[in-house]
$ cat model12.cif   # mmCIF, C-alpha atoms
data_start
loop_
_atom_site.label_atom_id
_atom_site.label_comp_id
_atom_site.auth_asym_id
_atom_site.auth_seq_id
_atom_site.Cartn_x
_atom_site.Cartn_y
_atom_site.Cartn_z
CA MET A 13 15.33 -46.14 20.43
CA THR A 14 11.65 -46.54 19.62
CA ALA A 15 9.03 -44.04 20.78
CA GLU A 16 7.64 -46.66 23.15
CA GLU A 17 11.06 -47.30 24.69
CA LYS A 18 11.62 -43.58 25.18
CA GLN A 19 8.25 -43.15 26.88
CA GLU A 20 9.05 -46.01 29.21
CA LEU A 21 12.31 -44.33 30.26
CA ILE A 22 10.48 -41.03 30.78
CA LYS A 23 8.01 -42.82 33.07
CA LYS A 24 10.92 -44.21 35.09
CA LEU A 25 12.50 -40.75 35.31
CA LEU A 26 9.24 -39.24 36.55
CA ALA A 27 8.98 -41.98 39.18
CA ASN A 28 12.64 -41.40 40.21
CA ARG A 29 13.38 -45.03 39.42
CA ILE A 30 15.56 -44.74 36.32
CA ALA A 31 18.93 -46.50 36.10
CA ILE A 32 22.01 -44.36 35.41
CA ALA A 33 22.68 -46.04 32.05
CA ASP A 34 19.07 -45.51 31.00
CA PHE A 35 19.19 -41.85 32.03
CA HIS A 36 22.34 -41.34 29.95
CA LEU A 37 20.66 -43.07 27.02
CA LEU A 38 17.55 -40.89 27.35
CA ARG A 39 19.76 -37.78 27.57
CA LYS A 40 21.14 -38.48 24.10
CA GLU A 41 17.69 -39.04 22.58
CA ILE A 42 15.78 -36.15 24.15
CA ASN A 43 14.00 -33.52 22.07
CA GLU A 44 11.87 -30.42 22.77
CA PHE A 45 8.60 -32.37 22.63
CA ASP A 46 9.91 -34.79 25.27
CA LEU A 47 11.04 -31.92 27.50
CA SER A 48 7.62 -30.29 27.29
CA LEU A 49 5.97 -33.58 28.22
CA ILE A 50 8.24 -34.13 31.22
CA ILE A 51 7.66 -30.70 32.78
CA GLN A 52 3.90 -31.06 32.33
CA LYS A 53 4.00 -34.37 34.17
CA ILE A 54 6.19 -33.05 36.99
CA TYR A 55 3.96 -30.04 37.58
CA ASP A 56 0.66 -31.81 36.73
CA LEU A 57 -0.18 -29.14 34.15
CA ASN A 58 -0.90 -28.96 30.45
CA ASP A 59 1.42 -27.21 28.01
CA GLU A 60 -0.57 -23.98 27.96
CA GLN A 61 -0.63 -23.77 31.75
CA VAL A 62 3.12 -24.37 32.00
CA ARG A 63 3.85 -21.58 29.55
CA LYS A 64 1.41 -19.26 31.29
CA ILE A 65 3.00 -19.62 34.71
CA ALA A 66 6.48 -19.45 33.17
CA ALA A 67 5.68 -16.15 31.42
CA LEU A 68 7.34 -13.04 32.78
CA ALA A 69 5.20 -10.57 34.70
CA PRO A 70 4.55 -7.49 32.49
CA VAL A 71 6.19 -5.02 34.90
CA MET A 72 9.30 -7.15 35.33
CA ALA A 73 9.49 -7.76 31.58
CA LYS A 74 9.61 -3.99 30.99
CA VAL A 75 12.26 -3.48 33.65
CA ASP A 76 14.32 -6.34 32.22
CA ALA A 77 14.02 -4.97 28.69
CA LEU A 78 15.10 -1.50 29.80
CA LYS A 79 18.19 -2.80 31.56
CA ASN A 80 19.11 -5.01 28.59
CA ALA A 81 18.65 -2.09 26.19
CA GLN A 82 21.15 -0.04 28.22
CA ARG A 83 23.59 -2.93 28.35
CA ASN A 84 23.31 -3.78 24.69
CA LYS A 85 23.85 -0.16 23.61
CA LYS A 86 27.17 -0.33 25.45
CA PHE A 87 27.89 -3.61 23.67
CA PHE A 88 27.47 -2.06 20.23
CA ASP A 89 29.45 1.03 21.25
CA LYS A 90 32.33 -1.24 22.25
CA VAL A 91 32.42 -3.44 19.17
CA LYS A 92 32.28 -0.61 16.59
CA ASN A 93 35.97 0.25 16.66
CA GLY A 94 37.99 -2.88 15.95
CA PHE A 95 37.25 -4.44 19.33
CA ARG A 96 37.51 -7.98 18.03
CA ALA A 97 40.87 -7.41 16.35
CA ASP A 98 42.51 -7.76 19.76
CA LEU A 99 42.35 -11.43 20.76
CA ALA A 100 42.38 -10.45 24.43
CA ASN A 101 38.95 -8.91 23.96
CA LYS A 102 35.93 -11.15 24.38
CA ILE A 103 32.46 -11.08 22.85
CA ILE A 104 30.06 -12.50 25.44
CA LEU A 105 26.44 -13.59 25.00
CA VAL A 106 24.36 -13.87 28.18
CA GLU A 107 21.10 -15.74 28.73
CA GLY A 108 19.66 -16.14 32.17
CA ASP A 109 17.50 -15.13 35.09
CA SER A 110 17.59 -12.55 37.88
CA TRP A 111 21.15 -13.38 38.96
CA PHE A 112 22.04 -11.88 35.57
CA ASN A 113 19.32 -9.22 35.34
CA TYR A 114 18.32 -7.78 38.70
CA PRO A 115 16.33 -4.51 39.07
CA ILE A 116 18.05 -1.40 37.75
CA LEU A 117 18.55 -0.05 41.27
CA LEU A 118 21.06 -2.79 42.09
CA SER A 119 24.04 -4.35 40.35
CA ASP A 120 24.05 -8.03 39.44
CA VAL A 121 26.67 -10.49 38.18
CA ILE A 122 26.58 -9.30 34.57
CA ASP A 123 26.81 -5.62 35.54
CA TRP A 124 30.24 -6.35 36.99
CA VAL A 125 31.36 -8.43 34.03
CA SER A 126 30.25 -5.67 31.64
CA MET A 127 32.55 -3.19 33.36
CA GLU A 128 35.65 -5.04 32.16
CA LYS A 129 37.30 -3.15 29.29
CA ASN A 130 38.09 -6.32 27.37
CA MET A 131 34.55 -7.72 27.59
CA ALA A 132 31.64 -6.73 25.34
CA VAL A 133 28.46 -8.25 26.78
CA TYR A 134 25.18 -8.71 24.92
CA SER A 135 22.38 -9.66 27.31
CA LEU A 136 19.19 -11.65 26.79
CA ALA A 137 18.77 -12.24 30.52
CA SER A 138 15.41 -11.63 32.20
CA GLY A 139 14.65 -11.63 35.92
CA GLY A 140 12.07 -14.32 36.64
CA ASP A 141 12.77 -16.26 33.45
CA TRP A 142 12.53 -20.04 33.38
CA LEU A 143 15.07 -22.33 31.76
CA LEU A 144 12.09 -23.75 29.87
CA ASN A 145 11.41 -20.30 28.37
CA MET A 146 15.02 -19.83 27.37
CA LEU A 147 15.03 -23.14 25.55
CA SER A 148 11.65 -22.63 23.89
CA ALA A 149 12.20 -19.00 22.82
CA ARG A 150 15.58 -19.95 21.30
CA ARG A 151 16.71 -16.32 21.26
CA TYR A 152 20.20 -17.40 22.22
CA ILE A 153 20.44 -19.55 19.05
CA GLU A 154 19.88 -16.58 16.75
CA GLN A 155 22.39 -14.45 18.63
CA LEU A 156 24.98 -17.24 18.74
CA SER A 157 24.82 -17.45 14.95
CA THR A 158 24.87 -13.67 14.51
CA MET A 159 27.65 -12.84 16.96
CA ASN A 160 29.70 -16.05 17.06
CA PRO A 161 30.70 -15.09 20.61
CA ASP A 162 33.82 -16.21 22.41
CA VAL A 163 31.79 -16.97 25.53
CA PHE A 164 28.19 -17.99 26.21
CA ILE A 165 27.04 -17.53 29.82
CA ILE A 166 23.80 -19.06 31.06
CA SER A 167 21.94 -19.14 34.37
CA GLY A 168 18.63 -20.97 34.66
CA GLY A 169 16.59 -23.32 36.81
CA GLY A 170 15.98 -21.26 39.93
CA ASN A 171 12.67 -19.82 38.80
CA ASP A 172 11.52 -23.18 37.44
CA LEU A 173 11.87 -24.49 40.98
CA VAL A 174 10.55 -21.61 43.11
CA GLY A 175 8.06 -19.82 40.82
CA GLU A 176 4.33 -19.99 41.57
CA ASN A 177 4.82 -21.92 44.84
CA ARG A 178 6.25 -24.85 42.85
CA ILE A 179 8.81 -25.66 45.52
CA ALA A 180 5.90 -26.93 47.65
CA ALA A 181 5.48 -29.80 45.20
CA MET A 182 9.13 -30.76 45.56
CA VAL A 183 9.01 -31.61 49.26
CA ASN A 184 7.61 -34.26 51.60
CA PRO A 185 6.49 -32.52 54.83
CA LEU A 186 6.82 -35.63 57.00
CA GLY A 187 10.61 -35.56 56.83
CA LYS A 188 10.76 -39.28 56.11
CA SER A 189 11.53 -39.31 52.40
CA GLU A 190 13.91 -41.97 51.09
CA GLU A 191 13.84 -40.75 47.49
CA PHE A 192 17.54 -39.89 47.48
CA MET A 193 18.34 -43.54 48.07
CA GLU A 194 16.06 -44.47 45.17
CA SER A 195 17.97 -42.17 42.81
CA ALA A 196 21.06 -44.04 41.65
CA TRP A 197 22.02 -41.00 39.58
CA ALA A 198 21.85 -38.53 42.51
CA ARG A 199 23.80 -40.93 44.73
CA GLU A 200 26.46 -41.15 42.04
CA LEU A 201 26.67 -37.36 41.91
CA MET A 202 27.49 -37.36 45.60
CA ARG A 203 29.90 -40.26 45.33
CA ILE A 204 32.07 -38.45 42.78
CA SER A 205 31.60 -34.99 44.32
CA ARG A 206 34.77 -33.14 45.28
CA THR A 207 32.90 -30.38 47.14
CA ASP A 208 33.01 -30.01 50.92
CA PHE A 209 29.60 -30.00 52.58
CA ASP A 210 27.84 -30.25 55.91
CA PRO A 211 26.57 -33.86 56.06
CA ASP A 212 24.11 -33.16 58.88
CA ARG A 213 22.40 -30.33 57.01
CA PHE A 214 22.49 -32.21 53.73
CA ASN A 215 21.10 -35.44 55.14
CA ASN A 216 18.38 -33.62 57.07
CA GLY A 217 17.37 -31.74 53.93
CA LEU A 218 17.23 -34.99 51.94
CA THR A 219 14.53 -36.37 54.21
CA TYR A 220 12.13 -33.70 52.89
CA LEU A 221 12.83 -34.05 49.15
CA SER A 222 10.13 -35.73 47.09
CA LYS A 223 10.50 -37.88 43.99
CA ASP A 224 9.40 -34.86 41.96
CA PHE A 225 12.48 -32.94 43.04
CA PHE A 226 14.79 -35.64 41.71
CA ALA A 227 12.75 -35.84 38.51
CA LEU A 228 13.07 -32.05 38.18
CA LEU A 229 16.81 -32.19 38.82
CA MET A 230 17.20 -34.76 36.03
CA PHE A 231 14.93 -32.62 33.85
CA PHE A 232 17.26 -29.66 34.38
CA GLN A 233 20.20 -31.71 33.18
CA LEU A 234 18.24 -32.91 30.15
CA GLN A 235 17.54 -29.28 29.24
CA TYR A 236 21.14 -28.17 29.67
CA TYR A 237 22.34 -31.20 27.75
CA TYR A 238 19.95 -30.35 24.91
CA ILE A 239 21.16 -26.72 24.80
CA PHE A 240 24.86 -27.58 24.92
CA ASN A 241 24.57 -30.47 22.49
CA GLY A 242 23.12 -28.02 20.00
CA ILE A 243 26.02 -25.63 20.54
CA PHE A 244 28.86 -28.14 20.43
CA THR A 245 27.59 -30.74 17.97
CA GLY A 246 24.69 -29.14 16.12
CA GLY A 247 22.43 -31.60 17.95
CA THR A 248 24.07 -34.61 16.32
CA GLY A 249 26.35 -35.73 19.14
CA ASP A 250 29.37 -35.33 16.81
CA PRO A 251 31.62 -32.29 17.56
CA LYS A 252 32.58 -32.16 13.88
CA ASN A 253 29.11 -30.75 13.23
CA GLY A 254 29.40 -27.94 15.78
CA LYS A 255 29.07 -24.37 14.46
CA PHE A 256 31.05 -22.68 17.21
CA PRO A 257 34.51 -24.25 17.50
CA GLY A 258 36.39 -23.16 20.60
CA ILE A 259 33.42 -21.44 22.27
CA LYS A 260 33.49 -21.35 26.06
CA VAL A 261 30.24 -21.90 27.98
CA ILE A 262 29.94 -20.81 31.61
CA THR A 263 27.15 -21.89 33.97
CA GLN A 264 26.31 -20.93 37.54
CA GLY A 265 24.41 -22.68 40.29
CA TYR A 266 23.32 -20.19 42.99
CA ASP A 267 24.10 -20.23 46.71
CA TYR A 268 22.00 -21.60 49.55
CA PRO A 269 19.02 -19.19 49.77
CA GLN A 270 17.43 -17.98 52.97
CA PRO A 271 13.67 -18.53 53.47
CA SER A 272 12.36 -15.40 55.18
CA ARG A 273 9.55 -12.85 55.21
CA LYS A 274 11.40 -10.21 57.25
CA LEU A 275 11.44 -6.87 55.42
CA GLY A 276 14.52 -5.59 57.24
CA PHE A 277 13.39 -2.12 58.28
CA GLY A 278 15.86 -0.22 60.45
CA LEU A 279 18.66 -2.76 60.38
CA ASN A 280 21.23 -0.77 58.41
CA PRO A 281 20.72 2.77 57.04
CA LEU A 282 23.41 2.10 54.40
CA LYS A 283 21.20 -0.64 53.01
CA TRP A 284 18.03 1.46 52.95
CA TYR A 285 16.97 -0.18 49.68
CA ILE A 286 16.51 -3.66 51.15
CA PRO A 287 12.97 -3.19 52.57
CA ILE A 288 11.89 -1.51 49.32
CA VAL A 289 13.24 -4.30 47.15
CA ARG A 290 11.78 -6.97 49.42
CA LYS A 291 8.35 -5.35 49.39
CA PHE A 292 8.35 -4.79 45.63
CA LEU A 293 9.62 -8.23 44.60
CA GLY A 294 7.54 -10.34 46.98
CA HIS A 295 10.15 -11.35 49.56
CA GLY A 296 8.98 -14.49 51.33
CA SER A 297 6.69 -15.66 48.56
CA TRP A 298 9.30 -17.78 46.76
CA LEU A 299 10.50 -19.99 49.62
CA LYS A 300 9.11 -19.24 53.07
CA THR A 301 5.40 -19.17 52.22
CA PRO A 302 5.24 -22.34 50.06
CA LEU A 303 7.28 -24.31 52.61
CA ASP A 304 5.02 -23.06 55.43
CA MET A 305 2.01 -23.91 53.29
CA ARG A 306 3.34 -27.43 52.80
CA GLY A 307 3.78 -27.91 56.54
CA ILE A 308 7.55 -27.45 56.82
CA THR A 309 7.59 -24.53 59.27
CA ASN A 310 10.77 -25.12 61.27
CA GLU A 311 13.36 -22.55 60.17
CA GLU A 312 16.29 -24.97 60.40
CA ALA A 313 14.43 -27.59 58.37
CA GLN A 314 13.53 -25.01 55.73
CA ARG A 315 17.16 -23.98 55.35
CA ASP A 316 18.33 -27.58 55.21
CA VAL A 317 15.82 -28.34 52.43
CA LEU A 318 17.28 -25.53 50.34
CA TYR A 319 20.81 -26.59 51.27
CA ALA A 320 20.26 -30.09 49.89
CA MET A 321 18.49 -28.81 46.76
CA ILE A 322 21.16 -26.25 45.85
CA PHE A 323 24.03 -28.61 46.65
CA LEU A 324 22.64 -31.22 44.26
CA PHE A 325 21.82 -28.62 41.60
CA ASN A 326 25.44 -27.47 41.53
CA GLU A 327 26.74 -31.03 41.38
CA MET A 328 24.38 -31.69 38.47
CA MET A 329 25.79 -28.67 36.62
CA ILE A 330 29.37 -29.75 37.26
CA GLU A 331 28.60 -33.16 35.77
CA VAL A 332 27.26 -31.48 32.61
CA GLY A 333 30.61 -29.75 32.14
CA GLU A 334 32.49 -33.00 32.53
CA VAL A 335 30.19 -34.73 30.04
CA PHE A 336 30.82 -32.12 27.34
CA GLN A 337 34.52 -32.05 28.05
CA GLY A 338 34.45 -35.63 26.78
CA ILE A 339 32.13 -34.89 23.86
CA ALA A 340 33.81 -31.73 22.55
CA GLY A 341 37.36 -32.87 23.31
CA TYR A 342 38.41 -29.75 25.21
CA ASP A 343 37.52 -27.86 28.39
CA CYS A 344 34.39 -26.13 27.16
CA VAL A 345 31.73 -25.91 29.89
CA PHE A 346 32.85 -24.26 33.12
CA HIS A 347 30.85 -23.77 36.31
CA ILE A 348 30.84 -20.86 38.75
CA ASP A 349 30.18 -22.32 42.20
CA SER A 350 28.74 -19.82 44.69
CA ARG A 351 27.87 -22.33 47.40
CA GLY A 352 28.66 -20.86 50.81
CA ALA A 353 29.98 -17.60 49.36
CA VAL A 354 27.06 -15.35 50.28
CA GLY A 355 26.60 -16.50 53.87
CA ASP A 356 23.59 -16.06 56.11
CA LYS A 357 23.61 -12.23 56.10
CA GLY A 358 24.70 -11.53 52.55
CA TRP A 359 21.27 -11.42 50.91
CA THR A 360 19.11 -8.64 49.54
CA ASP A 361 16.07 -10.93 49.60
CA GLU A 362 15.32 -14.66 49.74
CA LEU A 363 17.05 -15.43 46.44
CA HIS A 364 19.43 -12.61 45.53
CA PRO A 365 22.75 -11.60 47.11
CA LEU A 366 23.71 -8.07 48.09
CA PRO A 367 25.53 -6.13 45.34
CA GLU A 368 28.94 -6.73 46.93
CA ASN A 369 28.33 -10.48 46.80
CA PHE A 370 27.15 -10.31 43.19
CA LYS A 371 30.46 -8.50 42.58
CA ARG A 372 32.48 -11.37 44.04
CA THR A 373 30.55 -13.85 41.92
CA GLY A 374 31.21 -11.63 38.91
CA ALA A 375 34.93 -11.72 39.71
CA SER A 376 34.89 -15.52 39.30
CA PHE A 377 33.19 -15.17 35.92
CA ILE A 378 35.83 -12.63 34.87
CA GLN A 379 38.62 -14.98 35.95
CA CYS A 380 37.07 -17.81 33.94
CA ILE A 381 36.46 -15.65 30.85
CA ASN A 382 40.05 -14.45 30.89
CA GLY A 383 41.28 -18.05 31.00
CA ILE A 384 42.94 -17.80 34.41
CA PRO A 385 43.14 -21.43 35.56
CA SER A 386 41.12 -22.64 38.52
CA PRO A 387 42.66 -25.09 41.01
CA ASN A 388 39.37 -26.99 40.69
CA GLY A 389 39.58 -27.55 36.93
CA LEU A 390 36.24 -26.79 35.30
CA VAL A 391 34.86 -25.31 38.52
CA TYR A 392 35.52 -21.78 39.76
CA ARG A 393 34.59 -21.40 43.41
CA VAL A 394 33.51 -17.91 44.49
CA LYS A 395 35.66 -16.58 47.31
CA THR A 396 34.00 -16.04 50.69
#
$ encode --input "model12.cif" --output "structure tokens"
Amino acid sequence: MTAEEKQELIKKLLANRIAIADFHLLRKEINEFDLSLIIQKIYDLNDEQVRKIAALAPVMAKVDALKNAQRNKKFFDKVKNGFRADLANKIILVEGDSWFNYPILLSDVIDWVSMEKNMAVYSLASGGDWLLNMLSARRYIEQLSTMNPDVFIISGGGNDLVGENRIAAMVNPLGKSEEFMESAWARELMRISRTDFDPDRFNNGLTYLSKDFFALLMFFQLQYYYIFNGIFTGGTGDPKNGKFPGIKVITQGYDYPQPSRKLGFGLNPLKWYIPIVRKFLGHGSWLKTPLDMRGITNEEAQRDVLYAMIFLFNEMMIEVGEVFQGIAGYDCVFHIDSRGAVGDKGWTDELHPLPENFKRTGASFIQCINGIPSPNGLVYRVKT
């Protein structure tokens, strides 16, 4: 493919008018420069601005680093004494966002995984991190080579979508969008989907999604494809060139979040921490405020928008696993599906479940890591 041909396909992607075959072709040819260009165009920013808004806040970066330091000390304590000699034991490398590194006060998914005796977890996860940062920093590449882990777990994309009011750019406030019908790729995701859903909520949410959302969704898959292609084929597309034979990759796709600014004072004394966490982390600023700002103020419409977005995000991730099953020649990329598992009242704030719900999500990761088969193949659905 020539540079001119690639740029033409990128233009079609950004316009949400790219054919499925062309998207698959672009996916194979993508590089870091292309990815940087695409995100700049989606967000109407230059490279420096994108990296600035993607950067972690200093306070959160310190909190993240402290929690990772505690986790990683436990990792090294575990692996010192012949841990890897037992094949039932698993070395696990984690890269991700706040579903994998939530404030020290509360437990997150990886806290529960780390408690398993047969699992030694090394964490690079940072609350607030963007998938773009993870790819650009490439910290996971160095640790993959150093540790040669049995399992690589990654969570990313949520902050790319909701950080800095960006979700406002992903919606059409008139509720008359037909961009889903223009996206042959997104329609194909739904055609082959094996996941139950509420068609009324989904279809209502679709009417608010802009072309930029579908471009961003394709951009997410391009990023994940780039990361996994590097792991399984050394970036060549040929599994014979992969450095990590037999490695298992596990992704996750969030649940349907709840736009809200309510701090929750006085609702439940056993959950005294909720108002504190919500106040400290900016509850309402990720979803509720940007949607209000954009003119989508109806609570039902706001929830339906997020329902459609998260449903499609999960289906996109599931497709990635199926693609690499074909490339690598074995079941190698699994997906933890939390859709519907948290429920309306199971949230600490707009984006993060209560600890008990993080625990149930963690249980699905543990099942997958231990190789316990799922009735849904590459997908492990979190129990409600």
$ closest_residue --input "model12.cif" --among "A:Val354, A:Val391, A:Ile286, A:Leu118" --to "A:Pro367" --atoms "all atoms listed in the file"
A:Leu118
$ residues_around --input "model12.cif" --residues "A:Tyr268" --least-positions-apart "4" --cutoff "12 Å" --atoms "only C-alpha atoms" --output "tab-separated table (two decimals) with C-alpha atoms, in the frame of the given file"
chain	number	residue	atom	x	y	z
A	170	GLY	CA	15.98	-21.26	39.93
A	209	PHE	CA	29.60	-30.00	52.58
A	213	ARG	CA	22.40	-30.33	57.01
A	214	PHE	CA	22.49	-32.21	53.73
A	217	GLY	CA	17.37	-31.74	53.93
A	299	LEU	CA	10.50	-19.99	49.62
A	314	GLN	CA	13.53	-25.01	55.73
A	315	ARG	CA	17.16	-23.98	55.35
A	316	ASP	CA	18.33	-27.58	55.21
A	317	VAL	CA	15.82	-28.34	52.43
A	318	LEU	CA	17.28	-25.53	50.34
A	319	TYR	CA	20.81	-26.59	51.27
A	320	ALA	CA	20.26	-30.09	49.89
A	321	MET	CA	18.49	-28.81	46.76
A	322	ILE	CA	21.16	-26.25	45.85
A	323	PHE	CA	24.03	-28.61	46.65
A	324	LEU	CA	22.64	-31.22	44.26
A	325	PHE	CA	21.82	-28.62	41.60
A	326	ASN	CA	25.44	-27.47	41.53
A	349	ASP	CA	30.18	-22.32	42.20
A	350	SER	CA	28.74	-19.82	44.69
A	351	ARG	CA	27.87	-22.33	47.40
A	352	GLY	CA	28.66	-20.86	50.81
A	353	ALA	CA	29.98	-17.60	49.36
A	354	VAL	CA	27.06	-15.35	50.28
A	355	GLY	CA	26.60	-16.50	53.87
A	356	ASP	CA	23.59	-16.06	56.11
A	357	LYS	CA	23.61	-12.23	56.10
A	358	GLY	CA	24.70	-11.53	52.55
A	359	TRP	CA	21.27	-11.42	50.91
A	362	GLU	CA	15.32	-14.66	49.74
A	363	LEU	CA	17.05	-15.43	46.44
A	364	HIS	CA	19.43	-12.61	45.53
A	365	PRO	CA	22.75	-11.60	47.11
$ closest_atom_pairs --input "model12.cif" --of "stretch 277-361 of chain A" --to "stretch 29-53 of chain A" --cutoff "12 Å" --atoms "only C-alpha atoms" --output "tab-separated table"
residue	atom	partner	partner_atom	distance
A:Glu331	CA	A:His36	CA	11.8
A:Val332	CA	A:Arg39	CA	11.0
A:Val335	CA	A:His36	CA	10.3
A:Ile339	CA	A:Lys40	CA	11.6
$ resolve_selection --input "model12.cif" --expression "the PyMOL selection byres ((chain A and resi 142) around 9)" --output "VMD selection string"
chain A and resid 66 to 68 108 to 109 138 140 to 141 143 to 147 168 to 173 175
$ write_last_selection --input "model12.cif" --atoms "C-alpha atoms" --output "mmCIF file, keeping the file's coordinate frame"
data_model
loop_
_atom_site.group_PDB
_atom_site.id
_atom_site.type_symbol
_atom_site.label_atom_id
_atom_site.label_comp_id
_atom_site.auth_asym_id
_atom_site.auth_seq_id
_atom_site.Cartn_x
_atom_site.Cartn_y
_atom_site.Cartn_z
ATOM 1 C CA ALA A 66 6.480 -19.450 33.170
ATOM 2 C CA ALA A 67 5.680 -16.150 31.420
ATOM 3 C CA LEU A 68 7.340 -13.040 32.780
ATOM 4 C CA GLY A 108 19.660 -16.140 32.170
ATOM 5 C CA ASP A 109 17.500 -15.130 35.090
ATOM 6 C CA SER A 138 15.410 -11.630 32.200
ATOM 7 C CA GLY A 140 12.070 -14.320 36.640
ATOM 8 C CA ASP A 141 12.770 -16.260 33.450
ATOM 9 C CA LEU A 143 15.070 -22.330 31.760
ATOM 10 C CA LEU A 144 12.090 -23.750 29.870
ATOM 11 C CA ASN A 145 11.410 -20.300 28.370
ATOM 12 C CA MET A 146 15.020 -19.830 27.370
ATOM 13 C CA LEU A 147 15.030 -23.140 25.550
ATOM 14 C CA GLY A 168 18.630 -20.970 34.660
ATOM 15 C CA GLY A 169 16.590 -23.320 36.810
ATOM 16 C CA GLY A 170 15.980 -21.260 39.930
ATOM 17 C CA ASN A 171 12.670 -19.820 38.800
ATOM 18 C CA ASP A 172 11.520 -23.180 37.440
ATOM 19 C CA LEU A 173 11.870 -24.490 40.980
ATOM 20 C CA GLY A 175 8.060 -19.820 40.820
#
$ closest_residue --input "model12.cif" --among "A:Leu366, A:Ala313, A:Ala340, A:Ala73" --to "A:Asp212" --atoms "only C-alpha atoms"
A:Ala313
$ closest_residue --input "model12.cif" --among "A:Glu327, A:Gly341, A:Thr219, A:Pro302" --to "A:Lys252" --atoms "only C-alpha atoms"
A:Gly341
$ atom_distance --input "model12.cif" --atom1 "atom CA of A:Tyr236" --atom2 "atom CA of A:Glu128"
27.4 Å
$ atom_distance --input "model12.cif" --atom1 "atom CA of A:Ile378" --atom2 "atom CA of A:Phe336"
21.5 Å
$ closest_residue --input "model12.cif" --among "A:Glu311, A:Asp343, A:Asp361, A:Asp250" --to "A:Arg290" --atoms "only C-alpha atoms"
A:Asp361
$ atom_distance --input "model12.cif" --atom1 "atom CA of A:Met305" --atom2 "atom CA of A:Ala180"
7.5 Å
$ resolve_selection --input "model12.cif" --expression "the PyMOL selection byres ((chain A and resi 222-227) around 10)" --output "PyMOL selection string"
chain A and resi 22+24-30+50-51+53-55+173+179-185+187-192+194-195+197-198+218-221+228-232+321+324-325
$ resolve_selection --input "model12.cif" --expression "the PyMOL selection byres ((chain A and resi 105) around 9)" --output "list in words"
Ile103, Ile104, Val106, Glu107, Ala132, Val133, Tyr134, Ser135, Leu136, Tyr152, Gln155, Leu156, Met159, Asn160, Pro161, Asp162, Val163, Phe164, Ile165 and Ile166 of chain A
$ closest_residue --input "model12.cif" --among "A:Ala196, A:Ala97, A:Asn216, A:Met131" --to "A:Gln379" --atoms "all atoms listed in the file"
A:Met131
$ residues_around --input "model12.cif" --residues "A:Gly254" --least-positions-apart "2" --cutoff "7 Å" --atoms "all atoms listed in the file" --output "PyMOL selection string"
chain A and resi 243-246+251-252+256-257
$ closest_residue --input "model12.cif" --among "A:Met202, A:Gly389, A:Val91, A:Glu154" --to "A:Tyr342" --atoms "all atoms listed in the file"
A:Gly389
